[in-house]
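S.K.: Pasting run.txt below, which is compact mmCIF, C-alpha atoms.
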# COMPACT_ATOMS: atom_id res chain seq x y z
CA MET A 1 0.00 0.00 0.00
CA SER A 2 1.48 3.34 -1.05
CA LEU A 3 1.49 6.19 1.46
CA HIS A 4 -0.86 9.04 0.68
CA ARG A 5 0.52 12.34 1.98
CA VAL A 6 -1.98 14.61 3.74
CA ALA A 7 -1.03 18.12 4.83
CA ALA A 8 -3.40 20.07 7.08
CA LEU A 9 -3.21 23.84 6.73
CA VAL A 10 -4.05 25.56 10.02
CA LEU A 11 -4.89 29.24 10.38
CA PRO A 12 -5.12 31.59 13.37
CA GLY A 13 -8.33 30.99 15.26
CA GLN A 14 -8.05 27.30 14.42
CA SER A 15 -10.94 25.00 15.27
CA THR A 16 -9.49 22.22 17.40
CA PHE A 17 -12.17 19.65 16.62
CA GLU A 18 -11.87 19.86 12.84
CA LEU A 19 -8.08 19.49 13.00
CA ALA A 20 -8.32 16.66 15.53
CA SER A 21 -10.86 14.85 13.35
CA ALA A 22 -8.49 14.89 10.37
CA ALA A 23 -5.57 13.79 12.56
CA GLU A 24 -7.66 10.94 14.01
CA VAL A 25 -8.43 9.57 10.54
CA PHE A 26 -5.18 10.27 8.71
CA GLY A 27 -2.55 10.64 11.42
CA LEU A 28 -2.92 7.63 13.72
CA ARG A 29 -1.60 4.10 13.25
CA ARG A 30 -4.23 1.41 13.75
CA PRO A 31 -3.41 -2.06 15.10
CA GLY A 32 -3.71 -4.64 12.35
CA LEU A 33 -4.00 -2.05 9.58
CA PRO A 34 -1.21 -1.10 7.15
CA ARG A 35 -0.09 2.50 7.32
CA GLY A 36 -1.96 4.32 4.59
CA TYR A 37 -1.16 7.97 5.26
CA ASP A 38 1.62 10.36 6.11
CA PHE A 39 0.07 13.28 8.02
CA ALA A 40 1.63 16.71 8.50
CA VAL A 41 0.43 20.07 9.82
CA CYS A 42 1.62 23.44 8.57
CA THR A 43 0.79 27.15 8.74
CA GLU A 44 1.80 30.37 7.02
CA HIS A 45 3.96 31.61 9.89
CA PRO A 46 5.41 28.71 11.96
CA GLY A 47 5.21 29.13 15.69
CA ALA A 48 2.30 29.57 18.10
CA VAL A 49 -1.10 29.49 16.37
CA PRO A 50 -4.10 30.53 18.51
CA THR A 51 -7.13 28.23 18.62
CA LEU A 52 -10.81 28.83 19.28
CA ALA A 53 -10.44 26.80 22.48
CA GLY A 54 -8.28 29.44 24.14
CA TYR A 55 -4.87 27.83 23.85
CA ASP A 56 -2.10 27.99 21.26
CA MET A 57 -0.71 25.12 19.24
CA LEU A 58 2.93 25.08 18.15
CA ILE A 59 3.33 24.46 14.41
CA GLY A 60 6.81 23.97 12.98
CA ALA A 61 6.20 23.63 9.22
CA ASN A 62 5.42 26.43 6.76
CA LEU A 63 3.44 26.47 3.53
CA THR A 64 6.12 24.60 1.62
CA ALA A 65 4.73 21.44 3.27
CA LEU A 66 1.81 21.73 0.86
CA ASP A 67 4.10 21.31 -2.14
CA ALA A 68 4.62 17.60 -1.51
CA ALA A 69 1.09 16.72 -0.36
CA ASP A 70 -1.28 14.47 -2.25
CA THR A 71 -4.14 15.98 -0.26
CA VAL A 72 -4.24 19.49 1.20
CA LEU A 73 -6.83 19.72 3.95
CA VAL A 74 -8.10 22.96 5.54
CA PRO A 75 -9.86 22.15 8.83
CA GLY A 76 -12.07 25.24 9.10
CA TRP A 77 -11.46 28.97 8.63
CA HIS A 78 -12.51 31.24 11.48
CA ASP A 79 -11.71 34.58 9.82
CA ARG A 80 -13.88 33.98 6.77
CA THR A 81 -15.13 37.59 6.72
CA GLU A 82 -11.58 38.89 6.22
CA PRO A 83 -9.53 38.56 3.01
CA ALA A 84 -7.35 35.46 3.12
CA PRO A 85 -3.57 35.95 3.22
CA PRO A 86 -2.27 36.10 -0.38
CA ALA A 87 0.42 33.52 0.40
CA VAL A 88 -2.24 31.05 1.57
CA ILE A 89 -4.35 31.62 -1.55
CA ASP A 90 -1.30 31.17 -3.77
CA ALA A 91 -0.29 27.96 -1.96
CA LEU A 92 -3.77 26.47 -2.39
CA ARG A 93 -3.91 27.36 -6.07
CA ARG A 94 -0.42 26.00 -6.62
CA ALA A 95 -1.26 22.72 -4.89
CA HIS A 96 -4.48 22.32 -6.85
CA GLY A 97 -2.75 23.25 -10.09
CA ARG A 98 -0.18 20.47 -9.75
CA GLY A 99 -2.89 17.89 -9.07
CA ALA A 100 -3.26 17.73 -5.28
CA ARG A 101 -6.71 17.08 -3.87
CA VAL A 102 -7.88 20.11 -1.85
CA VAL A 103 -10.32 19.45 1.00
CA ALA A 104 -12.30 21.94 3.10
CA ILE A 105 -14.01 21.08 6.36
CA CYS A 106 -16.93 23.29 7.39
CA SER A 107 -16.17 27.03 7.02
CA ALA A 108 -12.98 26.34 5.04
CA ALA A 109 -15.24 26.23 1.97
CA PHE A 110 -15.06 30.04 2.07
CA LEU A 111 -11.28 29.85 1.67
CA LEU A 112 -11.53 27.50 -1.30
CA ALA A 113 -14.17 29.76 -2.85
CA GLU A 114 -11.92 32.80 -2.42
CA ALA A 115 -9.12 30.87 -4.11
CA GLY A 116 -11.42 30.26 -7.07
CA LEU A 117 -11.44 26.49 -6.64
CA LEU A 118 -15.24 26.26 -6.33
CA SER A 119 -16.25 28.51 -9.23
CA ARG A 120 -19.25 27.03 -11.08
CA ARG A 121 -18.94 23.90 -8.97
CA ALA A 122 -20.99 22.26 -6.23
CA ALA A 123 -19.95 22.77 -2.60
CA THR A 124 -21.34 22.58 0.90
CA THR A 125 -20.62 24.01 4.32
CA HIS A 126 -22.31 24.17 7.73
CA TRP A 127 -26.05 24.74 7.26
CA ARG A 128 -25.82 27.97 9.29
CA LEU A 129 -23.26 29.38 6.82
CA ALA A 130 -24.73 28.11 3.55
CA GLY A 131 -26.71 31.27 2.81
CA GLU A 132 -23.67 33.44 3.46
CA LEU A 133 -21.48 31.31 1.18
CA ALA A 134 -24.06 31.52 -1.62
CA ALA A 135 -24.45 35.30 -1.21
CA ARG A 136 -20.71 36.05 -1.16
CA PHE A 137 -19.83 33.64 -3.95
CA PRO A 138 -22.82 33.48 -6.32
CA ASP A 139 -20.87 31.37 -8.83
CA VAL A 140 -20.64 28.52 -6.29
CA GLU A 141 -23.46 25.96 -6.42
CA VAL A 142 -24.11 25.68 -2.67
CA GLU A 143 -25.91 22.53 -1.50
CA PRO A 144 -27.03 23.24 2.09
CA ASP A 145 -28.48 19.79 2.85
CA THR A 146 -25.40 17.73 2.02
CA LEU A 147 -22.96 16.23 4.53
CA TYR A 148 -20.08 16.38 2.06
CA ILE A 149 -19.35 16.75 -1.65
CA ASP A 150 -16.37 15.10 -3.32
CA LEU A 151 -15.59 16.33 -6.84
CA GLY A 152 -12.37 14.36 -7.08
CA ASP A 153 -9.92 17.25 -7.06
CA VAL A 154 -11.87 19.32 -4.51
CA ALA A 155 -14.05 18.23 -1.60
CA THR A 156 -16.11 20.16 0.97
CA SER A 157 -18.04 19.14 4.07
CA ALA A 158 -20.67 20.46 6.42
CA GLY A 159 -19.75 21.22 10.01
CA THR A 160 -18.08 19.27 12.79
CA ALA A 161 -19.04 15.58 12.53
CA ALA A 162 -19.56 15.87 8.76
CA GLY A 163 -15.82 16.52 8.54
CA ILE A 164 -15.29 13.01 9.90
CA ASP A 165 -17.79 11.68 7.36
CA LEU A 166 -15.76 13.28 4.58
CA CYS A 167 -12.42 12.04 5.93
CA LEU A 168 -13.74 8.47 6.15
CA HIS A 169 -15.12 8.80 2.63
CA LEU A 170 -11.70 9.86 1.40
CA THR A 171 -10.05 6.85 3.05
CA ARG A 172 -12.63 4.68 1.31
CA THR A 173 -11.71 6.31 -2.00
CA ASP A 174 -7.96 6.00 -1.38
CA HIS A 175 -7.68 2.57 0.21
CA GLY A 176 -11.05 0.83 -0.10
CA ALA A 177 -14.16 0.18 1.97
CA ALA A 178 -12.57 -2.39 4.30
CA TYR A 179 -9.76 0.00 5.25
CA ALA A 180 -12.26 2.80 5.95
CA ALA A 181 -14.48 0.45 7.96
CA HIS A 182 -11.49 -0.60 10.08
CA VAL A 183 -10.69 3.04 10.87
CA ALA A 184 -14.35 3.79 11.59
CA ARG A 185 -14.64 0.85 14.00
CA HIS A 186 -11.67 2.11 15.99
CA MET A 187 -13.34 5.53 16.17
CA VAL A 188 -16.69 3.91 17.11
CA MET A 189 -18.20 5.62 14.09
CA PRO A 190 -20.38 4.36 11.23
CA PRO A 191 -18.31 4.02 8.06
CA HIS A 192 -20.99 5.98 6.22
CA ARG A 193 -23.64 8.19 7.82
CA GLU A 194 -26.92 8.54 5.98
CA GLY A 195 -29.01 11.61 5.32
CA GLY A 196 -28.39 15.32 5.06
CA GLN A 197 -27.56 18.04 7.56
CA LEU A 198 -30.79 20.02 7.54
CA GLN A 199 -32.34 17.41 9.82
CA TYR A 200 -30.11 18.97 12.51
CA SER A 201 -30.86 22.60 11.64
CA THR A 202 -34.43 23.01 12.85
CA GLY A 203 -36.78 21.78 15.53
CA ALA A 204 -39.22 20.40 12.99
CA LEU A 205 -39.23 16.98 14.61
CA ALA A 206 -39.17 18.15 18.19
CA ASP A 207 -42.95 18.29 18.51
CA ARG A 208 -43.46 14.57 17.92
CA PRO A 209 -41.69 11.46 19.19
CA VAL A 210 -39.22 9.93 16.77
CA GLU A 211 -38.89 6.16 16.83
CA SER A 212 -35.40 5.12 15.82
CA LEU A 213 -34.97 3.17 12.60
CA ALA A 214 -31.91 1.41 14.02
CA PRO A 215 -33.62 -1.95 14.75
CA VAL A 216 -35.07 -2.30 11.26
CA LEU A 217 -31.80 -1.15 9.68
CA ASP A 218 -29.84 -3.75 11.63
CA TRP A 219 -32.41 -6.40 10.70
CA ALA A 220 -32.17 -5.53 6.99
CA THR A 221 -28.36 -5.37 6.98
CA GLU A 222 -28.26 -9.01 8.08
CA ARG A 223 -30.62 -10.02 5.24
CA LEU A 224 -29.27 -8.17 2.21
CA HIS A 225 -29.36 -11.40 0.18
CA GLN A 226 -33.13 -11.68 0.64
CA PRO A 227 -35.89 -9.88 -1.32
CA LEU A 228 -36.56 -6.76 0.76
CA THR A 229 -39.47 -4.70 -0.52
CA LEU A 230 -41.01 -1.65 1.11
CA ASP A 231 -43.86 -3.83 2.35
CA VAL A 232 -41.38 -6.23 3.96
CA PHE A 233 -39.58 -3.31 5.62
CA ALA A 234 -42.86 -1.88 6.88
CA ALA A 235 -44.02 -5.21 8.28
CA GLN A 236 -40.76 -5.60 10.21
CA ALA A 237 -41.10 -2.04 11.53
CA ARG A 238 -44.78 -2.67 12.34
CA THR A 239 -45.95 0.38 10.49
CA SER A 240 -47.42 1.29 7.12
CA PRO A 241 -45.22 1.64 4.01
CA ARG A 242 -46.13 5.32 3.79
CA THR A 243 -45.18 6.00 7.41
CA LEU A 244 -41.94 4.07 7.05
CA ALA A 245 -40.98 6.02 3.92
CA ARG A 246 -41.60 9.26 5.80
CA ARG A 247 -39.44 8.09 8.71
CA PHE A 248 -36.62 7.24 6.30
CA ALA A 249 -36.88 10.70 4.77
CA ASP A 250 -36.96 12.40 8.19
CA GLN A 251 -34.15 10.43 9.82
CA LEU A 252 -31.89 9.42 6.93
CA GLY A 253 -32.76 11.79 4.12
CA VAL A 254 -33.19 8.90 1.65
CA SER A 255 -35.90 6.45 0.61
CA PRO A 256 -35.87 2.84 1.89
CA GLY A 257 -34.96 1.64 -1.60
CA ARG A 258 -32.04 4.02 -1.90
CA TRP A 259 -30.75 3.08 1.54
CA LEU A 260 -30.99 -0.62 0.69
CA LEU A 261 -29.10 -0.15 -2.58
CA GLN A 262 -26.32 1.71 -0.77
CA GLN A 263 -25.96 -1.09 1.77
CA ARG A 264 -25.88 -3.75 -0.94
CA VAL A 265 -23.21 -1.94 -2.91
CA ALA A 266 -21.18 -1.39 0.28
CA ALA A 267 -21.41 -5.11 1.05
CA ALA A 268 -20.33 -5.90 -2.51
CA ARG A 269 -17.31 -3.62 -2.13
CA ALA A 270 -16.24 -5.51 0.98
CA LEU A 271 -16.59 -8.89 -0.74
CA LEU A 272 -14.64 -7.68 -3.78
CA GLU A 273 -11.86 -6.49 -1.50
CA GLU A 274 -11.66 -9.44 0.85
CA THR A 275 -12.60 -12.49 -1.25
CA ASP A 276 -11.95 -14.00 -4.69
CA LEU A 277 -15.61 -14.84 -5.25
CA PRO A 278 -16.84 -14.42 -8.83
CA VAL A 279 -18.83 -11.27 -9.42
CA GLU A 280 -21.95 -13.33 -10.09
CA THR A 281 -21.67 -14.89 -6.62
CA VAL A 282 -21.01 -11.50 -5.02
CA ALA A 283 -24.14 -10.13 -6.66
CA GLN A 284 -26.26 -12.98 -5.29
CA ARG A 285 -24.83 -12.69 -1.78
CA VAL A 286 -25.72 -9.00 -1.52
CA GLY A 287 -29.17 -9.31 -3.09
CA LEU A 288 -28.44 -7.76 -6.50
CA SER A 289 -29.42 -10.98 -8.30
CA SER A 290 -26.95 -10.97 -11.19
CA ALA A 291 -23.52 -9.75 -12.26
CA THR A 292 -25.18 -7.51 -14.85
CA ASN A 293 -27.30 -5.78 -12.21
CA LEU A 294 -24.33 -5.47 -9.85
CA ARG A 295 -22.21 -3.88 -12.57
CA ARG A 296 -24.93 -1.35 -13.38
CA ARG A 297 -25.59 -0.42 -9.75
CA PHE A 298 -21.90 -0.43 -8.87
CA ARG A 299 -21.00 1.93 -11.69
CA ALA A 300 -23.84 4.29 -10.73
CA LEU A 301 -22.67 4.58 -7.11
CA VAL A 302 -18.91 3.90 -7.21
CA HIS A 303 -18.22 5.14 -10.77
CA THR A 304 -16.18 2.10 -11.76
CA THR A 305 -16.70 -1.59 -12.49
CA PRO A 306 -16.49 -4.38 -9.91
CA ALA A 307 -13.44 -5.84 -11.69
CA ALA A 308 -11.60 -2.51 -11.75
CA TYR A 309 -12.46 -1.97 -8.08
CA ARG A 310 -11.11 -5.41 -7.17
CA ARG A 311 -7.88 -4.75 -9.07
CA SER A 312 -7.41 -1.53 -7.09
CA PHE A 313 -8.43 -2.68 -3.63
CA GLY A 314 -8.49 -6.50 -3.57
CA ARG A 315 -6.58 -7.99 -0.64
CA HIS A 316 -6.16 -11.43 -2.20
CA GLU A 317 -4.04 -12.73 -5.04
CA GLN A 318 -5.77 -12.86 -8.42
CA GLY A 319 -7.46 -16.24 -8.52
CA ALA A 320 -9.89 -18.28 -10.56
CA GLY A 321 -12.74 -16.17 -9.28
CA ASN A 322 -11.30 -13.05 -10.86
CA GLY A 323 -10.89 -14.54 -14.27
CA GLY A 324 -13.96 -16.74 -14.40
CA PRO A 325 -17.36 -16.08 -15.94
CA GLY A 326 -18.83 -12.72 -15.02
CA ALA A 327 -15.55 -11.38 -13.66
CA ASP A 328 -15.87 -7.98 -15.29
Produce structure tokens that represent the structure in this file.
M.R.:
Amino acid sequence: MSLHRVAALVLPGQSTFELASAAEVFGLRRPGLPRGYDFAVCTEHPGAVPTLAGYDMLIGANLTALDAADTVLVPGWHDRTEPAPPAVIDALRRAHGRGARVVAICSAAFLLAEAGLLSRRAATTHWRLAGELAARFPDVEVEPDTLYIDLGDVATSAGTAAGIDLCLHLTRTDHGAAYAAHVARHMVMPPHREGGQLQYSTGALADRPVESLAPVLDWATERLHQPLTLDVFAAQARTSPRTLARRFADQLGVSPGRWLLQQRVAAARALLEETDLPVETVAQRVGLSSATNLRRRFRALVHTTPAAYRRSFGRHEQGAGNGGPGAD
């Protein structure tokens, strides 16, 4: 496994949580997991950098650390109402121009927008700041109800915990679903959180009790290979299909069918990584019925084929299963 170099750019008034979240995902060694990242932290003027928590952090590296990074990550930007330092803007543009992935957590989307990296492109930020981002940068396509957006070369996230969601997503992109799941388990986090962020922005649900979907989700996850229709879901949840669909929309931001497809594709990714099973068998085990259906669904969600994914992230030697019928 090749090391992916991540450099976090910190700025005065640094949010401690956003930086710590990135360090937790990219900077720590996990027992039983190969080292996948080299993590560094830098700032424009090395030395003491004040944080929002009332203490300073000592940073030794300057902006040249960004020149060797595969991913440049900005964990929030407190002074978004002030013009960004020209040297910081230049460093971000230079990194992006040479092919580095540039990632913004929460309010750092404002910095990427000021650098021109989000022009005529989709982006998100904390729901409380979405209107401000859209007003200040009208050429940015702001999506206020999204946890994160990954465009390949640029990625943005909503606030706080959504930064972890994005970081785990990036590990899944870089090193595969099994690697990301291993990291998430150590953090006691779900590898992928469902829904959008606007469910947290209002008290719309506060006036009625909300029954958790967790039991029916756990039940379904153990039965992905079985036919699971909306009626089957509703019967397990002991409610009507219409009520269940509304609860999915309220709590997860997706329909039951969409959620089920995401779980099946995630399970297929894990089997492609960790086994040599033929694609036809993988499709049957995750409830997608055939290799043809798996390929179509896989391409729609993962933007590649099962065979190409296995070549990139498979943990096993190429075997008969990879070259047999239905392998690609």
S.K.: Can you tell me which residues surround Ala104 of chain A at a distance of at most 8 Å, considering only C-alpha atoms, apart from same-chain residues fewer than 2 positions away, and format the answer as a VMD selection string?
M.R.: chain A and resid 73 to 76 102 106 to 109 112 155 to 157
S.K.: Considering all atoms listed in the file, can you say which of A:Ser21, A:His78, A:Arg121, A:Gly97 comes closest to Asp165 of chain A?
M.R.: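 Of A:Ser21, A:His78, A:Arg121, A:Gly97, the one nearest Asp165 of chain A is A:Ser21, counting all atoms listed in the file.
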S.K.: What gap, in Å, lies between atom CA of Pro46 of chain A and atom CA of Ile164 of chain A?
M.R.: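 Those two atoms sit 26.1 Å apart.
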S.K.: Could you check the closest approach to Ala245 of chain A for each of A:Arg269, A:Val6, A:Ile89, A:Leu213 and tell me which residue wins, using all atoms listed in the file?
M.R.: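 When distances to Ala245 of chain A are compared using all atoms listed in the file, the smallest one comes from A:Leu213.
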S.K.: Excluding segment 7-19 of chain A and its own-chain neighbours fewer than 6 positions away, which residues fall within 10 Å of it when counting all atoms listed in the file? Please give them as a PyMOL selection string.
M.R.: chain A and resi 26+38-45+48-57+59+61-63+65-79+84-85+88+92+102-107+159-164
S.K.: Write a file of the selected residues as an mmCIF file, keeping the file's coordinate frame, keeping C-alpha atoms.
M.R.:
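Saved the output as out_26.cif:
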data_model
loop_
_atom_site.group_PDB
_atom_site.id
_atom_site.type_symbol
_atom_site.label_atom_id
_atom_site.label_comp_id
_atom_site.auth_asym_id
_atom_site.auth_seq_id
_atom_site.Cartn_x
_atom_site.Cartn_y
_atom_site.Cartn_z
ATOM 1 C CA PHE A 26 -5.180 10.270 8.710
ATOM 2 C CA ASP A 38 1.620 10.360 6.110
ATOM 3 C CA PHE A 39 0.070 13.280 8.020
ATOM 4 C CA ALA A 40 1.630 16.710 8.500
ATOM 5 C CA VAL A 41 0.430 20.070 9.820
ATOM 6 C CA CYS A 42 1.620 23.440 8.570
ATOM 7 C CA THR A 43 0.790 27.150 8.740
ATOM 8 C CA GLU A 44 1.800 30.370 7.020
ATOM 9 C CA HIS A 45 3.960 31.610 9.890
ATOM 10 C CA ALA A 48 2.300 29.570 18.100
ATOM 11 C CA VAL A 49 -1.100 29.490 16.370
ATOM 12 C CA PRO A 50 -4.100 30.530 18.510
ATOM 13 C CA THR A 51 -7.130 28.230 18.620
ATOM 14 C CA LEU A 52 -10.810 28.830 19.280
ATOM 15 C CA ALA A 53 -10.440 26.800 22.480
ATOM 16 C CA GLY A 54 -8.280 29.440 24.140
ATOM 17 C CA TYR A 55 -4.870 27.830 23.850
ATOM 18 C CA ASP A 56 -2.100 27.990 21.260
ATOM 19 C CA MET A 57 -0.710 25.120 19.240
ATOM 20 C CA ILE A 59 3.330 24.460 14.410
ATOM 21 C CA ALA A 61 6.200 23.630 9.220
ATOM 22 C CA ASN A 62 5.420 26.430 6.760
ATOM 23 C CA LEU A 63 3.440 26.470 3.530
ATOM 24 C CA ALA A 65 4.730 21.440 3.270
ATOM 25 C CA LEU A 66 1.810 21.730 0.860
ATOM 26 C CA ASP A 67 4.100 21.310 -2.140
ATOM 27 C CA ALA A 68 4.620 17.600 -1.510
ATOM 28 C CA ALA A 69 1.090 16.720 -0.360
ATOM 29 C CA ASP A 70 -1.280 14.470 -2.250
ATOM 30 C CA THR A 71 -4.140 15.980 -0.260
ATOM 31 C CA VAL A 72 -4.240 19.490 1.200
ATOM 32 C CA LEU A 73 -6.830 19.720 3.950
ATOM 33 C CA VAL A 74 -8.100 22.960 5.540
ATOM 34 C CA PRO A 75 -9.860 22.150 8.830
ATOM 35 C CA GLY A 76 -12.070 25.240 9.100
ATOM 36 C CA TRP A 77 -11.460 28.970 8.630
ATOM 37 C CA HIS A 78 -12.510 31.240 11.480
ATOM 38 C CA ASP A 79 -11.710 34.580 9.820
ATOM 39 C CA ALA A 84 -7.350 35.460 3.120
ATOM 40 C CA PRO A 85 -3.570 35.950 3.220
ATOM 41 C CA VAL A 88 -2.240 31.050 1.570
ATOM 42 C CA LEU A 92 -3.770 26.470 -2.390
ATOM 43 C CA VAL A 102 -7.880 20.110 -1.850
ATOM 44 C CA VAL A 103 -10.320 19.450 1.000
ATOM 45 C CA ALA A 104 -12.300 21.940 3.100
ATOM 46 C CA ILE A 105 -14.010 21.080 6.360
ATOM 47 C CA CYS A 106 -16.930 23.290 7.390
ATOM 48 C CA SER A 107 -16.170 27.030 7.020
ATOM 49 C CA GLY A 159 -19.750 21.220 10.010
ATOM 50 C CA THR A 160 -18.080 19.270 12.790
ATOM 51 C CA ALA A 161 -19.040 15.580 12.530
ATOM 52 C CA ALA A 162 -19.560 15.870 8.760
ATOM 53 C CA GLY A 163 -15.820 16.520 8.540
ATOM 54 C CA ILE A 164 -15.290 13.010 9.900
#
S.K.: Name the closest residue to Gln284 of chain A among the candidates A:Leu224, A:Ala177, A:Ala234, A:Leu301; distances are taken between atoms, counting all atoms listed in the file.
M.R.: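 Under the stated criterion, the closest residue is A:Leu224.
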S.K.: State, in Å with one decimal place, the distance from atom CA of Ala235 of chain A to atom CA of Trp259 of chain A.
M.R.: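 It comes out at 17.0 Å.
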S.K.: Counting only C-alpha atoms, which residue out of A:Thr281, A:Thr221, A:Thr239, A:Gln226 sits closest to Ala267 of chain A?
M.R.: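 That would be A:Thr221, the residue with the smallest distance to Ala267 of chain A.
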S.K.: Could you jot down the atom CA of Thr304 of chain A to atom CA of Leu277 of chain A separation for me, Å, one decimal place?
M.R.: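 Result for atom CA of Thr304 of chain A versus atom CA of Leu277 of chain A: 18.2 Å, one decimal.
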S.K.: Point out the residue among A:Thr81, A:Ser312, A:Thr124, A:Thr243 with the least atom-to-atom distance to His175 of chain A, counting only C-alpha atoms.
M.R.: A:Ser312
S.K.: Can you pull out every residue within 12 Å of Leu261 of chain A, counting only C-alpha atoms, but drop anything in the same chain fewer than 2 positions away, and send it as number ranges by chain?
M.R.: A: 220-221, 224-225, 227-229, 254-259, 263-268, 283, 286-288, 293-294, 296-298, 300-302
S.K.: If you take every atom of segment 35-42 of chain A that the file lists and fit an axis-aligned box around them with 8 Å extra on each side, what centre and edge lengths come out in Å to one decimal, as lines of an AutoDock Vina configuration file?
M.R.:
center_x = -0.2
center_y = 13.0
center_z = 7.2
size_x = 19.6
size_y = 36.9
size_z = 21.2
S.K.: Which residue out of A:Arg172, A:His96, A:Ser212, A:Asp231 has the minimum interatomic distance to Asp250 of chain A when only C-alpha atoms are used?
M.R.: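 Looking only at the distances to Asp250 of chain A, the closest residue turns out to be A:Ser212.
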S.K.: Once N, CA, C and O atoms are restored for segment 136-148 of chain A, what would the output be as an mmCIF file, keeping the file's coordinate frame?
M.R.:
data_model
loop_
_atom_site.group_PDB
_atom_site.id
_atom_site.type_symbol
_atom_site.label_atom_id
_atom_site.label_comp_id
_atom_site.auth_asym_id
_atom_site.auth_seq_id
_atom_site.Cartn_x
_atom_site.Cartn_y
_atom_site.Cartn_z
ATOM 1 N N ARG A 136 -22.040 35.480 -0.902
ATOM 2 C CA ARG A 136 -20.710 36.050 -1.160
ATOM 3 C C ARG A 136 -20.075 35.509 -2.420
ATOM 4 O O ARG A 136 -19.284 36.199 -3.069
ATOM 5 N N PHE A 137 -20.425 34.270 -2.769
ATOM 6 C CA PHE A 137 -19.830 33.640 -3.950
ATOM 7 C C PHE A 137 -20.948 33.062 -4.817
ATOM 8 O O PHE A 137 -21.194 31.852 -4.810
ATOM 9 N N PRO A 138 -21.647 33.932 -5.551
ATOM 10 C CA PRO A 138 -22.820 33.480 -6.320
ATOM 11 C C PRO A 138 -22.493 32.478 -7.430
ATOM 12 O O PRO A 138 -23.409 31.820 -7.935
ATOM 13 N N ASP A 139 -21.223 32.347 -7.797
ATOM 14 C CA ASP A 139 -20.870 31.370 -8.830
ATOM 15 C C ASP A 139 -20.664 29.973 -8.258
ATOM 16 O O ASP A 139 -20.424 29.024 -9.012
ATOM 17 N N VAL A 140 -20.757 29.837 -6.934
ATOM 18 C CA VAL A 140 -20.640 28.520 -6.290
ATOM 19 C C VAL A 140 -22.030 27.916 -6.150
ATOM 20 O O VAL A 140 -22.964 28.577 -5.699
ATOM 21 N N GLU A 141 -22.184 26.659 -6.523
ATOM 22 C CA GLU A 141 -23.460 25.960 -6.420
ATOM 23 C C GLU A 141 -23.564 25.341 -5.018
ATOM 24 O O GLU A 141 -23.170 24.191 -4.797
ATOM 25 N N VAL A 142 -24.082 26.107 -4.070
ATOM 26 C CA VAL A 142 -24.110 25.680 -2.670
ATOM 27 C C VAL A 142 -25.250 24.688 -2.448
ATOM 28 O O VAL A 142 -26.397 24.950 -2.798
ATOM 29 N N GLU A 143 -24.924 23.546 -1.848
ATOM 30 C CA GLU A 143 -25.910 22.530 -1.500
ATOM 31 C C GLU A 143 -26.003 22.451 0.032
ATOM 32 O O GLU A 143 -25.179 21.794 0.677
ATOM 33 N N PRO A 144 -26.989 23.108 0.627
ATOM 34 C CA PRO A 144 -27.030 23.240 2.090
ATOM 35 C C PRO A 144 -27.427 21.977 2.842
ATOM 36 O O PRO A 144 -27.215 21.889 4.042
ATOM 37 N N ASP A 145 -28.006 20.992 2.151
ATOM 38 C CA ASP A 145 -28.480 19.790 2.850
ATOM 39 C C ASP A 145 -27.592 18.585 2.611
ATOM 40 O O ASP A 145 -28.036 17.457 2.663
ATOM 41 N N THR A 146 -26.313 18.818 2.343
ATOM 42 C CA THR A 146 -25.400 17.730 2.020
ATOM 43 C C THR A 146 -24.318 17.627 3.093
ATOM 44 O O THR A 146 -23.781 18.643 3.533
ATOM 45 N N LEU A 147 -24.005 16.411 3.525
ATOM 46 C CA LEU A 147 -22.960 16.230 4.530
ATOM 47 C C LEU A 147 -21.577 16.506 3.950
ATOM 48 O O LEU A 147 -20.727 17.098 4.611
ATOM 49 N N TYR A 148 -21.353 16.071 2.721
ATOM 50 C CA TYR A 148 -20.080 16.380 2.060
ATOM 51 C C TYR A 148 -20.251 16.208 0.554
ATOM 52 O O TYR A 148 -21.161 15.507 0.084
#
